[in-house]
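All remarks here apply to the structure that follows.
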Amino acid sequence: PMSSSVAMALRRMRIFAQQVQGKGNACKRSLRSVATSSSISDPQAYKLPSSGSHIGPVGEARIKLSDLDWKTRLSSNQYLVLRQKATEPGHRLLFPDGFDDHVEEGVYFCAGCLAAGKKQPLYTSEMKFDCGCGWPGFWTNVTNNVFELQDADGHRCEILCSSCHGHLGHVFRGEGFGFPTDERHCVNSMSLAFMPKGSEETVLP
């Protein structure tokens, strides 16, 4: 029969092994959290289309605030663009006042969602290109995070954030830029917040 001292030693070894395993699992969870956190600002973490559009369907806004709340949370220029559908002046908002000429690696988020406490990625630096229109231009978006509505005049298609329905700008097609989507997203800098690759800090114009 096993002596009481040996049984006690084995019991202690089992408890120690369980504690080590628990710490290992906690470490794995922590590493997964860090990886997830860092990947949100990594442009390579987002799929690029080889054909077709990544614009999503029209859906209900997930972030719903009163007009007063938006006015409180957003800057005056952000509010005018995101909630009142204003257009900022073209060719004038260069970095750090805007993102037209911005080329740093990273991810562009919705400034409205960010003001409401949510990170909603819209575009990445790999989707951005110099289209010469005077506003930040992108040839595609993060899958389903942008949707479009035809303007009341029937001539242009507005693009909006799928989460807060904030106004981003307009999408144009058939301009021959050579991208597989055949799209140019003309986006207001005031609608965006930028997170550099490998960072968790956001940059606002």
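In the structure tokens, each chain is lettered A, B, ... as it comes, each chain's residues begin at 1, and ligands are numbered from 1 in order of appearance.
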
> Can you tell me, as an MDAnalysis selection string, what residues are no more than 9 Å from region 132-145 of chain A when counting only C-alpha atoms, ignoring any on the same chain fewer than 4 positions away?
Replying inline: chainID A and resid 46:49 53:57 88:93 98:102 120:128 160:163 177 179:189

>> Between A:Phe129, A:Lys71, A:Gly178, A:Phe147, which residue has the minimum interatomic distance to Ser51 (chain A), considering only C-alpha atoms?
In response: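 Closest residue, counting only C-alpha atoms: A:Gly178.
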
> What's the 10 Å shell around Trp70 (chain A), counting only C-alpha atoms, without same-chain residues fewer than 3 positions away, as number ranges by chain?
Replying inline: A: 64-67, 73-76, 78-79, 82-83, 112, 115-116

Once you have the residues from the selection above, write them out as a compact mmCIF listing (two decimals), in the first residue's frame, restricted to all heavy atoms.
```txt
# COMPACT_ATOMS: atom_id res chain seq x y z
N LYS A 64 -26.39 53.55 -32.57
CA LYS A 64 -27.47 54.54 -32.70
C LYS A 64 -27.37 55.55 -31.56
O LYS A 64 -27.54 55.20 -30.40
CB LYS A 64 -28.83 53.85 -32.68
CG LYS A 64 -29.04 52.85 -33.82
CD LYS A 64 -30.40 52.17 -33.72
CE LYS A 64 -30.60 51.17 -34.84
NZ LYS A 64 -31.91 50.49 -34.76
N LEU A 65 -27.06 56.78 -31.91
CA LEU A 65 -26.98 57.86 -30.94
C LEU A 65 -27.91 58.99 -31.36
O LEU A 65 -28.22 59.15 -32.54
CB LEU A 65 -25.55 58.39 -30.84
CG LEU A 65 -24.45 57.40 -30.41
CD1 LEU A 65 -23.10 58.11 -30.43
CD2 LEU A 65 -24.72 56.82 -29.05
N SER A 66 -28.31 59.78 -30.39
CA SER A 66 -29.13 60.94 -30.71
C SER A 66 -28.26 61.98 -31.39
O SER A 66 -27.02 61.95 -31.31
CB SER A 66 -29.73 61.53 -29.43
OG SER A 66 -28.71 62.11 -28.62
N ASP A 67 -28.90 62.91 -32.07
CA ASP A 67 -28.16 63.97 -32.74
C ASP A 67 -27.32 64.77 -31.74
O ASP A 67 -26.19 65.15 -32.03
CB ASP A 67 -29.13 64.89 -33.48
CG ASP A 67 -28.41 65.89 -34.37
OD1 ASP A 67 -27.67 65.46 -35.27
OD2 ASP A 67 -28.58 67.11 -34.15
N ARG A 73 -19.92 64.15 -29.10
CA ARG A 73 -18.79 63.24 -29.26
C ARG A 73 -17.86 63.60 -30.42
O ARG A 73 -16.66 63.32 -30.37
CB ARG A 73 -19.29 61.80 -29.46
CG ARG A 73 -19.97 61.21 -28.23
CD ARG A 73 -20.67 59.91 -28.58
NE ARG A 73 -21.40 59.36 -27.45
CZ ARG A 73 -20.93 58.42 -26.64
NH1 ARG A 73 -19.72 57.93 -26.83
NH2 ARG A 73 -21.66 57.97 -25.64
N LEU A 74 -18.41 64.20 -31.47
CA LEU A 74 -17.63 64.51 -32.66
C LEU A 74 -17.14 65.95 -32.65
O LEU A 74 -17.76 66.82 -32.03
CB LEU A 74 -18.47 64.27 -33.92
CG LEU A 74 -18.99 62.85 -34.16
CD1 LEU A 74 -19.97 62.84 -35.32
CD2 LEU A 74 -17.83 61.89 -34.43
N SER A 75 -16.05 66.20 -33.35
CA SER A 75 -15.65 67.60 -33.58
C SER A 75 -16.67 68.23 -34.52
O SER A 75 -17.46 67.54 -35.17
CB SER A 75 -14.25 67.66 -34.20
OG SER A 75 -14.29 67.22 -35.55
N SER A 76 -16.65 69.54 -34.62
CA SER A 76 -17.63 70.23 -35.46
C SER A 76 -17.50 69.81 -36.92
O SER A 76 -18.51 69.58 -37.61
CB SER A 76 -17.49 71.75 -35.32
OG SER A 76 -16.16 72.16 -35.66
N GLN A 78 -16.14 66.92 -38.05
CA GLN A 78 -16.56 65.53 -38.14
C GLN A 78 -18.08 65.43 -38.19
O GLN A 78 -18.64 64.66 -38.98
CB GLN A 78 -16.04 64.72 -36.95
CG GLN A 78 -14.56 64.42 -36.98
CD GLN A 78 -14.11 63.73 -35.71
OE1 GLN A 78 -14.65 63.95 -34.62
NE2 GLN A 78 -13.11 62.87 -35.82
N TYR A 79 -18.73 66.20 -37.35
CA TYR A 79 -20.20 66.17 -37.31
C TYR A 79 -20.79 66.61 -38.65
O TYR A 79 -21.72 65.98 -39.16
CB TYR A 79 -20.71 67.06 -36.18
CG TYR A 79 -22.21 67.19 -36.15
CD1 TYR A 79 -23.02 66.18 -35.63
CD2 TYR A 79 -22.84 68.32 -36.68
CE1 TYR A 79 -24.40 66.29 -35.63
CE2 TYR A 79 -24.21 68.44 -36.68
CZ TYR A 79 -24.99 67.41 -36.15
OH TYR A 79 -26.37 67.52 -36.16
N LEU A 82 -19.84 63.57 -41.21
CA LEU A 82 -20.40 62.25 -40.89
C LEU A 82 -21.91 62.25 -40.73
O LEU A 82 -22.60 61.32 -41.18
CB LEU A 82 -19.75 61.71 -39.61
CG LEU A 82 -18.34 61.14 -39.75
CD1 LEU A 82 -17.64 61.09 -38.39
CD2 LEU A 82 -18.38 59.75 -40.38
N ARG A 83 -22.45 63.28 -40.11
CA ARG A 83 -23.88 63.27 -39.78
C ARG A 83 -24.71 64.18 -40.68
O ARG A 83 -25.89 63.96 -40.87
CB ARG A 83 -24.12 63.66 -38.31
CG ARG A 83 -23.31 62.91 -37.29
CD ARG A 83 -23.24 61.40 -37.48
NE ARG A 83 -24.54 60.74 -37.58
CZ ARG A 83 -24.69 59.45 -37.78
NH1 ARG A 83 -23.63 58.67 -37.93
NH2 ARG A 83 -25.90 58.91 -37.87
N GLY A 112 -16.58 58.14 -36.69
CA GLY A 112 -17.83 58.17 -35.93
C GLY A 112 -17.93 57.02 -34.95
O GLY A 112 -18.26 57.22 -33.77
N ALA A 115 -15.60 57.50 -32.04
CA ALA A 115 -16.11 58.45 -31.05
C ALA A 115 -17.18 57.80 -30.16
O ALA A 115 -17.39 58.23 -29.03
CB ALA A 115 -16.70 59.67 -31.76
N ALA A 116 -17.83 56.75 -30.69
CA ALA A 116 -18.86 56.04 -29.93
C ALA A 116 -18.28 54.84 -29.17
O ALA A 116 -19.03 54.08 -28.57
CB ALA A 116 -19.97 55.57 -30.86
```

>> as a VMD selection string, please: every residue in region 92-191 of chain A that DSSP puts in strand (DSSP E or B).
In response: chain A and resid 106 to 110 121 to 124 128 to 129 137 to 138 146 to 150 157 to 161 167 to 173 183 to 187

> Leaving out Pro196 (chain A) and any residue of its chain fewer than 6 positions from it, which residues lie within 10 Å of it when counting only C-alpha atoms, given as number ranges by chain?
Replying inline: A: 40-43, 104-108, 124-125, 202-203

Export C-alpha atoms of the chosen residues as a tab-separated table (two decimals), in the first residue's frame?
```tsv
chain	number	residue	atom	x	y	z
A	40	ILE	CA	-6.42	45.08	-36.22
A	41	SER	CA	-3.85	47.65	-37.38
A	42	ASP	CA	-2.10	45.28	-39.81
A	43	PRO	CA	-3.19	45.91	-43.42
A	104	GLU	CA	1.95	55.23	-43.97
A	105	GLU	CA	1.14	51.53	-43.50
A	106	GLY	CA	-1.89	50.90	-41.32
A	107	VAL	CA	-5.66	50.80	-41.17
A	108	TYR	CA	-8.31	53.52	-41.52
A	124	THR	CA	-6.25	49.80	-45.26
A	125	SER	CA	-3.13	51.37	-46.69
A	202	THR	CA	-5.34	56.30	-33.56
A	203	VAL	CA	-4.53	59.48	-35.47
```

> From the list A:Glu148, A:Glu60, A:Cys164, A:Gly169, which residue is nearest Lys118 (chain A) when using only C-alpha atoms?
Replying inline: A:Cys164

>> Let me make sure I understand: among A:Gly166, A:Ile159, A:Ile63, A:Gly154, which one has the smallest atom-to-atom distance to Gly117 (chain A) if we use only C-alpha atoms?
In response: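 When distances to Gly117 (chain A) are compared using only C-alpha atoms, the smallest one comes from A:Ile63.
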